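Note sheet for the following structure.
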Amino acid sequence: MSTPTRAPSGAPAHLTGAGGGIGADAQRPDGVLKVRGEFAYGSDLWMDDMLWGVTLRSPHPYARIRSIDVGPALAVPGVHAVLTSDDVPGEKVYGLELADQPVLALDVVRYQGEPVALVAADHPDTARRAAARVVVDYEVWEPVTDARTALGHPTWNQVHETPAEVTELSRESAHLHPQGNLVRHLKIRRGDPEPTADVVVIGEYEVGMQDQAFLGPESGLAVPAEDGGVDLYVATQWLHVDQRQICAALGMPEDKVRLTLAGVGGAFGGREDLSMHVHACLLALHTGRPVKMSYNREESFFGHVHRHPATMRYEHGATRDGDLVYVRATIYLDGGAYASSTPAVVGNAGTMGLGPYVVPNVHVDCYGAYTNNPPCGAMRGFGSVQTAFAYESQMDALAAELGMDPVELRCRNAMEEGSVTPNGQVVDSAAPVVELLRRLEAMPMPPAPATGADVDLRDMPGGVSNTTHGEGVRRGVGYAVAYKNVAFSEGFDDHSTARVRLEVVGGEAVATVHTAAAEVGQGLVTVEQQIARTELGVERVVVAPKDTAVGSAGSTSASRQTYVTGGAVKAACEAVRERVLSRARDLVGRAVPDLRLDGGKVVSDGEGVALTLAEVLADDVVEETLEWRHRRTEPIDPETGQGFAHVQYAFSAHRAVVDVDTELGLVKVVEMACTQDVGKAINPQAVIGQIQGGTAQGLGLAVMEEILVRDGRVQNPSFTDYLIPTVLDMPPMRIEVLEYADPHAPYGLRGVGEAPNISSGPAVLAAIRQATGLPLTRVPVRPEHLTGT
Amino acid sequence: MRLSCSVNGTPREVDDVWEGESLLYVLRERMGLPGSKNACEQGECGSCTVYLDDVPVCACLVAAGQAQGREVGTVEGLAPAGELHPVQEAFLEAGAVQCGFCTPGLLVATDDLVARTRAEGRKPADAEIREALAGNLCRCTGYEKILDAVRLAADRMAGDAR
């Protein structure tokens, strides 16, 4: 097989920075390459004779294709191939959970940006110009652009009007898919079906469509192989689920489609679905040449799924003392044109949709619907982000109604170890919700806003735009707490595979860790090294390139890789260690009970046995490959939503302090504080990095980030118009990390990445609400929501 | 067209450059220097920041022809081969690198800021750092560790023990 000139490099041991085992701030092994600009991201891959592939996409959100004429495109000099769905040799539809999405459009396009045709040419601009010459004759249809309309459910007009019970799907709305427009309806029925309470608050909430906005565009390089297969180098989140879908589309067995992870410039869920994977392989196999595809930013907005927009109606009932009696919630998630991971997102939104509180009586309906909006699927927080805005807003509204402090109300109803979740699951490890909130309260507050001559414009809402010197500016403080499942739920066979090798090279013990777990920036490669150092007592650990030559590691999502692939690496290391110690015992010739590996030696504290690994291993290589599983979960009951659905929960809380220019509707977040229980911080520096980054994405959704979709068309597919927080938008943070070990998890660790992304935004929203006194039921909050103009 | 310019101190000449190509494209695809990144290609994200005659610019917004006869400095030229610039070291130590896609642009912007303030015999204040890096988007870190890294680099380069 030929290898690209610029190819993924793994993490050679000689480039590794400061080391250390678990609990140390070990430096990432790919860091030196990254700061030198030498790390090969998907968009950097290159081969001498490669072609460039581009995608022609539908301009219409809903249309029938009458005909496609590729002739004019093929006639452009420099063009080597123009392909349509007729050229897909295997299954013509694919999908993570349901195969419902065409590799290339069949007879109907269901969203703006749906891939219709592919072009390969010797220059990317040639390919783009040729793609524009493909003639597609569309019969344009009226798009369905609202989840409730798609399901035939009534819309909510008035806050205090209870919606009619919905039992039957309307037959009037157009069915976008043969099975109808309902992707999943999750029901939770727990306790008294007709509860009553002293105090009732009802609220309706909306969350806009957020984009992952990873910086590294979708990209990769497909290389046709001599055996008729293809080697794909690609920036992705789960190599093996990609491989399965690519093989189906190409009609090839798995041994003919080999994947290697290219450098990944962020993911956040947006790379869980296929993007250019099959397309590049089709073009490479068709032309017999390597084909590189790399989206530009505009195409990236159409090239991956987004976070589901949500419409939610909540009714909270409580006693006069502030004990929750019941919650009724109806949640609509707009899944867009194809299913992607909508069923699992609905599962999360429904089962964790009431927050980390004890609720005796629960009635939840959570719907995921097909529409002609952009497809939605995985994004950091995965169904839990949307509901957190609703349930935390409700807790604040209830506190106001009761005349209670919002933190007191939360603590009064907080989950703890032993509590039962709405899906009937006992929380069987630490759930320090109260402590997270109390610690936040105890943190010092930032200084009061400056006045008069002391004002630094850069600290004001509007900044150096010089829009205020403090007049009209009001401060607010808000709290929020959230929880989220770690790893895949509802009975999914969620596992990882690790191959660990120990050998002596040039007199030094070297361990090699080989997994298919995608490193997307979070630092799993560092964690893999740290675990191997701790378990094998060696300093030099090589992380092999991530590829499909080893078994599946599962997805880099659901905050699961340190837990699951970390667990697999730990188990494989233990198996290697057992074999090494067994050989050492044979060499010593008698039983030594406390033999262990440390500092490249086999040692015993009791007897001082010290054999070097060179003495034990000589030229032999000890290698073990293990598949590792966390404890099993089970599907929930379809009628009641009850069941042991989730492996582990992660808890985090935020306090936000904001200054709001109430005259112009501008928000300056002054400080964010976060507390989170991580069980065990395998790499404390990386844990803090996850909390800071997650907080930023939550803040972004609260005040600026939204893909605006009008009549099924995206209005702002660029970083000019889709805003993500800059360094001016992100305030300083205070962070406290708790480490209450989960006895079920390796090292007691808890998944880290998503929880802080969930509690951050609702805290910002609460702070703006406190500053302005406005109800604010929709995020992102826009200036006009604050000024009423 | 033919483009002649100096890149990281070395004279370079490339042929067959199409007039529509950006400096970023030529660096990445014709000169084998993919360190400067292509995150937005419209001047919003700063990940393609390079020096053009000592001034940081977004290479995606510079037509390749505009670099004719000029000095271009990229992330690959910050330190001699096999060595790391103090700014690069600080980003690694502070944990300011996660996915790393924004890193090359941030390194160039930070190098420029620290060099400017150092020439004035001082270190940049936090508000100044934020202003200087406001054109560089990062999606992973929330910027806190990037600020740490800039402070660390400025301290180191001022000779403060840390």
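Order determines the names: the first chain of the structure tokens is A, the second B, and so forth; residues in each chain are numbered 1 upward, and ligands are numbered 1 upward as they are shown.
All residues of protein, DNA or RNA that reach within 6 Å of range 536-553 of chain A, judged by only C-alpha atoms and not counting those fewer than 2 positions away in the chain, are Gly10, Ala11, Pro12, Ala13, His240, Leu259, Thr260, Leu261, Ser496, Thr497, Val510, Ala511, Thr512, Val513, His514, Thr515, Ala516, Ala517, Gln529, Ala532, Arg533, Thr534, Leu597, Asp598, Gly599 and Gly600 of chain A.
All residues within range 2-33 of chain B that the backbone DSSP calculation assigns to strand (DSSP E or B) are Leu3, Ser4, Cys5, Ser6, Val7, Thr10, Pro11, Arg12, Glu13, Val14 and Ser22 of chain B.
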Sort by chain and increasing residue number a table of all residues of chain A within 7 Å of chain B, each with its closest pair of atoms and their distance in Å to one decimal, counting only C-alpha atoms, and write it as JSON lines.
{"residue": "A:Gly31", "atom": "CA", "partner": "B:Leu92", "partner_atom": "CA", "distance": 6.3}
{"residue": "A:Lys34", "atom": "CA", "partner": "B:Gly100", "partner_atom": "CA", "distance": 5.8}
{"residue": "A:Val35", "atom": "CA", "partner": "B:Gln88", "partner_atom": "CA", "distance": 5.7}
{"residue": "A:Arg36", "atom": "CA", "partner": "B:Glu76", "partner_atom": "CA", "distance": 5.6}
{"residue": "A:Gly37", "atom": "CA", "partner": "B:Gly35", "partner_atom": "CA", "distance": 3.8}
{"residue": "A:Glu38", "atom": "CA", "partner": "B:Gly35", "partner_atom": "CA", "distance": 6.0}
{"residue": "A:Asp44", "atom": "CA", "partner": "B:Pro34", "partner_atom": "CA", "distance": 5.9}
{"residue": "A:Phe214", "atom": "CA", "partner": "B:Arg139", "partner_atom": "CA", "distance": 6.2}
{"residue": "A:Leu215", "atom": "CA", "partner": "B:Ala39", "partner_atom": "CA", "distance": 5.1}
{"residue": "A:Gly216", "atom": "CA", "partner": "B:Ala39", "partner_atom": "CA", "distance": 5.6}
{"residue": "A:Pro217", "atom": "CA", "partner": "B:Ala39", "partner_atom": "CA", "distance": 6.3}
{"residue": "A:Val264", "atom": "CA", "partner": "B:Cys99", "partner_atom": "CA", "distance": 6.7}
{"residue": "A:Gly265", "atom": "CA", "partner": "B:Cys99", "partner_atom": "CA", "distance": 5.1}
{"residue": "A:Gly266", "atom": "CA", "partner": "B:Cys99", "partner_atom": "CA", "distance": 5.4}
{"residue": "A:Asn296", "atom": "CA", "partner": "B:Cys40", "partner_atom": "CA", "distance": 6.6}
{"residue": "A:Arg297", "atom": "CA", "partner": "B:Cys40", "partner_atom": "CA", "distance": 5.0}
{"residue": "A:Val520", "atom": "CA", "partner": "B:Cys99", "partner_atom": "CA", "distance": 6.0}
{"residue": "A:Gly521", "atom": "CA", "partner": "B:Cys99", "partner_atom": "CA", "distance": 3.4}
{"residue": "A:Gln522", "atom": "CA", "partner": "B:Gln98", "partner_atom": "CA", "distance": 5.9}
{"residue": "A:Gly523", "atom": "CA", "partner": "B:Gln98", "partner_atom": "CA", "distance": 6.8}
{"residue": "A:Gln685", "atom": "CA", "partner": "B:Gly95", "partner_atom": "CA", "distance": 6.6}
{"residue": "A:Gly689", "atom": "CA", "partner": "B:Thr141", "partner_atom": "CA", "distance": 5.7}
{"residue": "A:Gln692", "atom": "CA", "partner": "B:Gly142", "partner_atom": "CA", "distance": 5.0}
{"residue": "A:Gly693", "atom": "CA", "partner": "B:Gly142", "partner_atom": "CA", "distance": 4.2}
{"residue": "A:Ala696", "atom": "CA", "partner": "B:Gly142", "partner_atom": "CA", "distance": 5.1}
{"residue": "A:Phe719", "atom": "CA", "partner": "B:Glu44", "partner_atom": "CA", "distance": 6.1}
{"residue": "A:Thr720", "atom": "CA", "partner": "B:Glu44", "partner_atom": "CA", "distance": 6.3}
{"residue": "A:Thr726", "atom": "CA", "partner": "B:Leu137", "partner_atom": "CA", "distance": 5.8}
{"residue": "A:Val727", "atom": "CA", "partner": "B:Ala134", "partner_atom": "CA", "distance": 5.6}
{"residue": "A:Leu728", "atom": "CA", "partner": "B:Arg130", "partner_atom": "CA", "distance": 5.8}
{"residue": "A:Met730", "atom": "CA", "partner": "B:Gly142", "partner_atom": "CA", "distance": 6.6}
{"residue": "A:Pro732", "atom": "CA", "partner": "B:Glu144", "partner_atom": "CA", "distance": 6.9}
Open item on the list: Using DSSP secondary structure from the backbone, list all helix (DSSP H, G or I) positions within range 418-518 of chain A, as a ChimeraX atom specification.
Closed with: /A:433-442,452-454,457-459,463-465
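CA of Thr695 in chain A lies 8.0 Å from CA of Met672 in chain A.
Counting only C-alpha atoms, the residue from A:Arg750, A:Ile768, A:Gly491, A:Arg710 that sits nearest to Arg631 in chain A is A:Gly491.
With CA of Leu701 in chain A on one side and CA of Gly350 in chain A on the other, the separation reads 20.4 Å.
Of the residues listed (A:Leu440, A:Val714, A:Val588, A:Leu786), A:Leu440 shows the shortest atom-to-atom separation from Thr675 in chain A; distances use only C-alpha atoms.
In this structure, CA of Met252 in chain A sits 10.4 Å away from CA of Glu91 in chain A.
Nearest to Tyr367 in chain A of all the residues A:Tyr62, A:Phe302, A:Tyr391, A:Tyr332 is A:Tyr332, counting only C-alpha atoms.
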- [ ] Would you mind listing what lies within 8 Å of range 779-781 of chain A as a PyMOL selection string, with only C-alpha atoms counted and same-chain residues fewer than 2 positions away left out?
- [x] chain A and resi 206-208+700-706+765+776-777+783+785-786
